[in-house]
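J.: Before anything else, here's the structure in question.
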Amino acid sequence: MAQKIKDLAYYMTLPYTIRLQEQSDGDWVADIPELRGCIAAGDSREEVLDLLDGAKEMWFEIRLERNEAIPEPVLVIE
């Protein structure tokens with residue numbers, strides 16, 4: 001069986017957890033707990049999710065460039 005190439009495209013398709021919160025002022029904040037420091041803020045739910053996707057891509061690019069470990073999401077079955 002062929003081993004998967006763990007490149008940017010691979011990591012971008014993985015189902016990471018997204019925490020999404022509306023702030024008291026109406027702004028939104030989102031983060032990916034498995035990717036420490038991967039966070040975004042925006043004026044709407046749609047904007048913050050779009051910004052978080054860009055932040056996630058940059059997060060992966062930096063770690064791949066530095067040859068640093070990238071955690072993969074853990075499937076939790078309840």
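So you can find residues: chains in the structure tokens are A, B, ... in the order shown, residues in each start at 1, and ligands are numbered from 1 in order.
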Would you please give, as a ChimeraX atom specification, all residues of segment 1-56 of chain A that DSSP assigns to helix (DSSP H, G or I) based on the backbone?

T.: /A:8-12,45-56

J.: Considering only C-alpha atoms, return as a ChimeraX atom specification whatever protein or nucleic-acid residues lie within 10 Å of Leu52 of chain A, sequence-local ones (same chain, fewer than 2 positions apart) excluded.

T.: /A:18,29-32,38-42,46-50,54-58

J.: Show me, as an MDAnalysis selection string, the residues that have an atom within 8 Å of Tyr11 of chain A when counting only C-alpha atoms, minus same-chain residues fewer than 3 positions from it.

T.: chainID A and resid 6:8 14 60 72

J.: May I have the selected residues written with all heavy atoms, as a short mmCIF file (atom, residue, chain, number, x, y, z; two decimals), in the first residue's frame?

T.:
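Writing done, so here's again24.cif:
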data_model
loop_
_atom_site.label_atom_id
_atom_site.label_comp_id
_atom_site.auth_asym_id
_atom_site.auth_seq_id
_atom_site.Cartn_x
_atom_site.Cartn_y
_atom_site.Cartn_z
N LYS A 6 2.38 13.61 3.06
CA LYS A 6 1.83 14.55 4.03
C LYS A 6 2.32 15.96 3.69
O LYS A 6 3.27 16.47 4.29
CB LYS A 6 2.18 14.13 5.45
CG LYS A 6 1.49 12.82 5.82
CD LYS A 6 1.67 12.49 7.27
CE LYS A 6 0.90 11.21 7.60
NZ LYS A 6 0.96 10.90 9.02
N ASP A 7 1.65 16.56 2.72
CA ASP A 7 1.98 17.89 2.27
C ASP A 7 0.84 18.84 2.66
O ASP A 7 -0.10 18.45 3.36
CB ASP A 7 2.24 17.91 0.77
CG ASP A 7 1.05 17.42 -0.06
OD1 ASP A 7 -0.03 17.13 0.52
OD2 ASP A 7 1.18 17.32 -1.28
N LEU A 8 0.90 20.07 2.19
CA LEU A 8 -0.11 21.07 2.52
C LEU A 8 -1.50 20.58 2.14
O LEU A 8 -2.45 20.69 2.93
CB LEU A 8 0.22 22.40 1.84
CG LEU A 8 -0.79 23.52 2.06
CD1 LEU A 8 -0.91 23.86 3.54
CD2 LEU A 8 -0.40 24.74 1.25
N LEU A 14 -7.84 17.50 6.32
CA LEU A 14 -8.14 16.81 7.57
C LEU A 14 -9.22 17.55 8.38
O LEU A 14 -9.27 18.78 8.37
CB LEU A 14 -6.88 16.64 8.41
CG LEU A 14 -5.78 15.77 7.79
CD1 LEU A 14 -4.57 15.72 8.70
CD2 LEU A 14 -6.29 14.38 7.49
N PHE A 60 0.25 25.62 8.57
CA PHE A 60 0.84 24.40 7.98
C PHE A 60 2.09 24.73 7.17
O PHE A 60 3.09 24.02 7.25
CB PHE A 60 -0.17 23.69 7.09
CG PHE A 60 -1.32 23.06 7.82
CD1 PHE A 60 -2.59 23.09 7.26
CD2 PHE A 60 -1.17 22.43 9.04
CE1 PHE A 60 -3.67 22.50 7.91
CE2 PHE A 60 -2.23 21.85 9.71
CZ PHE A 60 -3.49 21.89 9.13
N GLU A 72 -2.24 15.70 13.92
CA GLU A 72 -3.43 15.38 13.14
C GLU A 72 -4.62 15.30 14.09
O GLU A 72 -4.45 15.03 15.28
CB GLU A 72 -3.23 14.07 12.38
CG GLU A 72 -2.15 14.20 11.33
CD GLU A 72 -2.05 12.99 10.42
OE1 GLU A 72 -2.99 12.18 10.37
OE2 GLU A 72 -1.00 12.86 9.77
#

J.: Would you list, as a VMD selection string, the residues of segment 12-63 of chain A that end up in strand (DSSP E or B) under DSSP run on this structure's backbone?

T.: chain A and resid 19 to 22 28 to 31 39 to 42

J.: Could you take the residues named above and write them with N, CA and C atoms, as a short mmCIF file (atom, residue, chain, number, x, y, z; two decimals), in the first residue's frame?

T.:
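Result file part-v3.cif:
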data_model
loop_
_atom_site.label_atom_id
_atom_site.label_comp_id
_atom_site.auth_asym_id
_atom_site.auth_seq_id
_atom_site.Cartn_x
_atom_site.Cartn_y
_atom_site.Cartn_z
N ARG A 19 -13.41 25.85 16.98
CA ARG A 19 -14.21 26.50 18.04
C ARG A 19 -14.58 27.88 17.53
N LEU A 20 -15.86 28.18 17.57
CA LEU A 20 -16.39 29.42 17.03
C LEU A 20 -17.21 30.11 18.11
N GLN A 21 -16.90 31.38 18.38
CA GLN A 21 -17.61 32.12 19.43
C GLN A 21 -17.96 33.51 18.95
N GLU A 22 -19.22 33.88 19.22
CA GLU A 22 -19.62 35.26 18.98
C GLU A 22 -19.32 36.06 20.25
N TRP A 28 -16.68 37.96 15.87
CA TRP A 28 -16.53 36.51 15.98
C TRP A 28 -15.06 36.14 16.14
N VAL A 29 -14.80 35.10 16.92
CA VAL A 29 -13.45 34.56 17.10
C VAL A 29 -13.52 33.06 16.85
N ALA A 30 -12.53 32.53 16.15
CA ALA A 30 -12.47 31.09 15.89
C ALA A 30 -11.04 30.62 16.05
N ASP A 31 -10.90 29.38 16.50
CA ASP A 31 -9.57 28.79 16.59
C ASP A 31 -9.65 27.29 16.35
N ILE A 39 -5.63 31.02 15.12
CA ILE A 39 -6.81 31.75 15.55
C ILE A 39 -7.11 32.87 14.56
N ALA A 40 -8.38 33.26 14.50
CA ALA A 40 -8.78 34.36 13.63
C ALA A 40 -9.94 35.09 14.28
N ALA A 41 -10.13 36.34 13.89
CA ALA A 41 -11.24 37.16 14.36
C ALA A 41 -11.82 37.90 13.17
N GLY A 42 -13.14 38.08 13.19
CA GLY A 42 -13.79 38.77 12.09
C GLY A 42 -15.12 39.37 12.50
#

J.: To one decimal in Å, tell me the separation between atom CA of Asp25 of chain A and atom CA of Asp43 of chain A.

T.: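 Separation between atom CA of Asp25 of chain A and atom CA of Asp43 of chain A: 9.6 Å.
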
J.: In Å to one decimal, how far is atom CA of Gln23 of chain A from atom CA of Glu61 of chain A?

T.: 29.2 Å
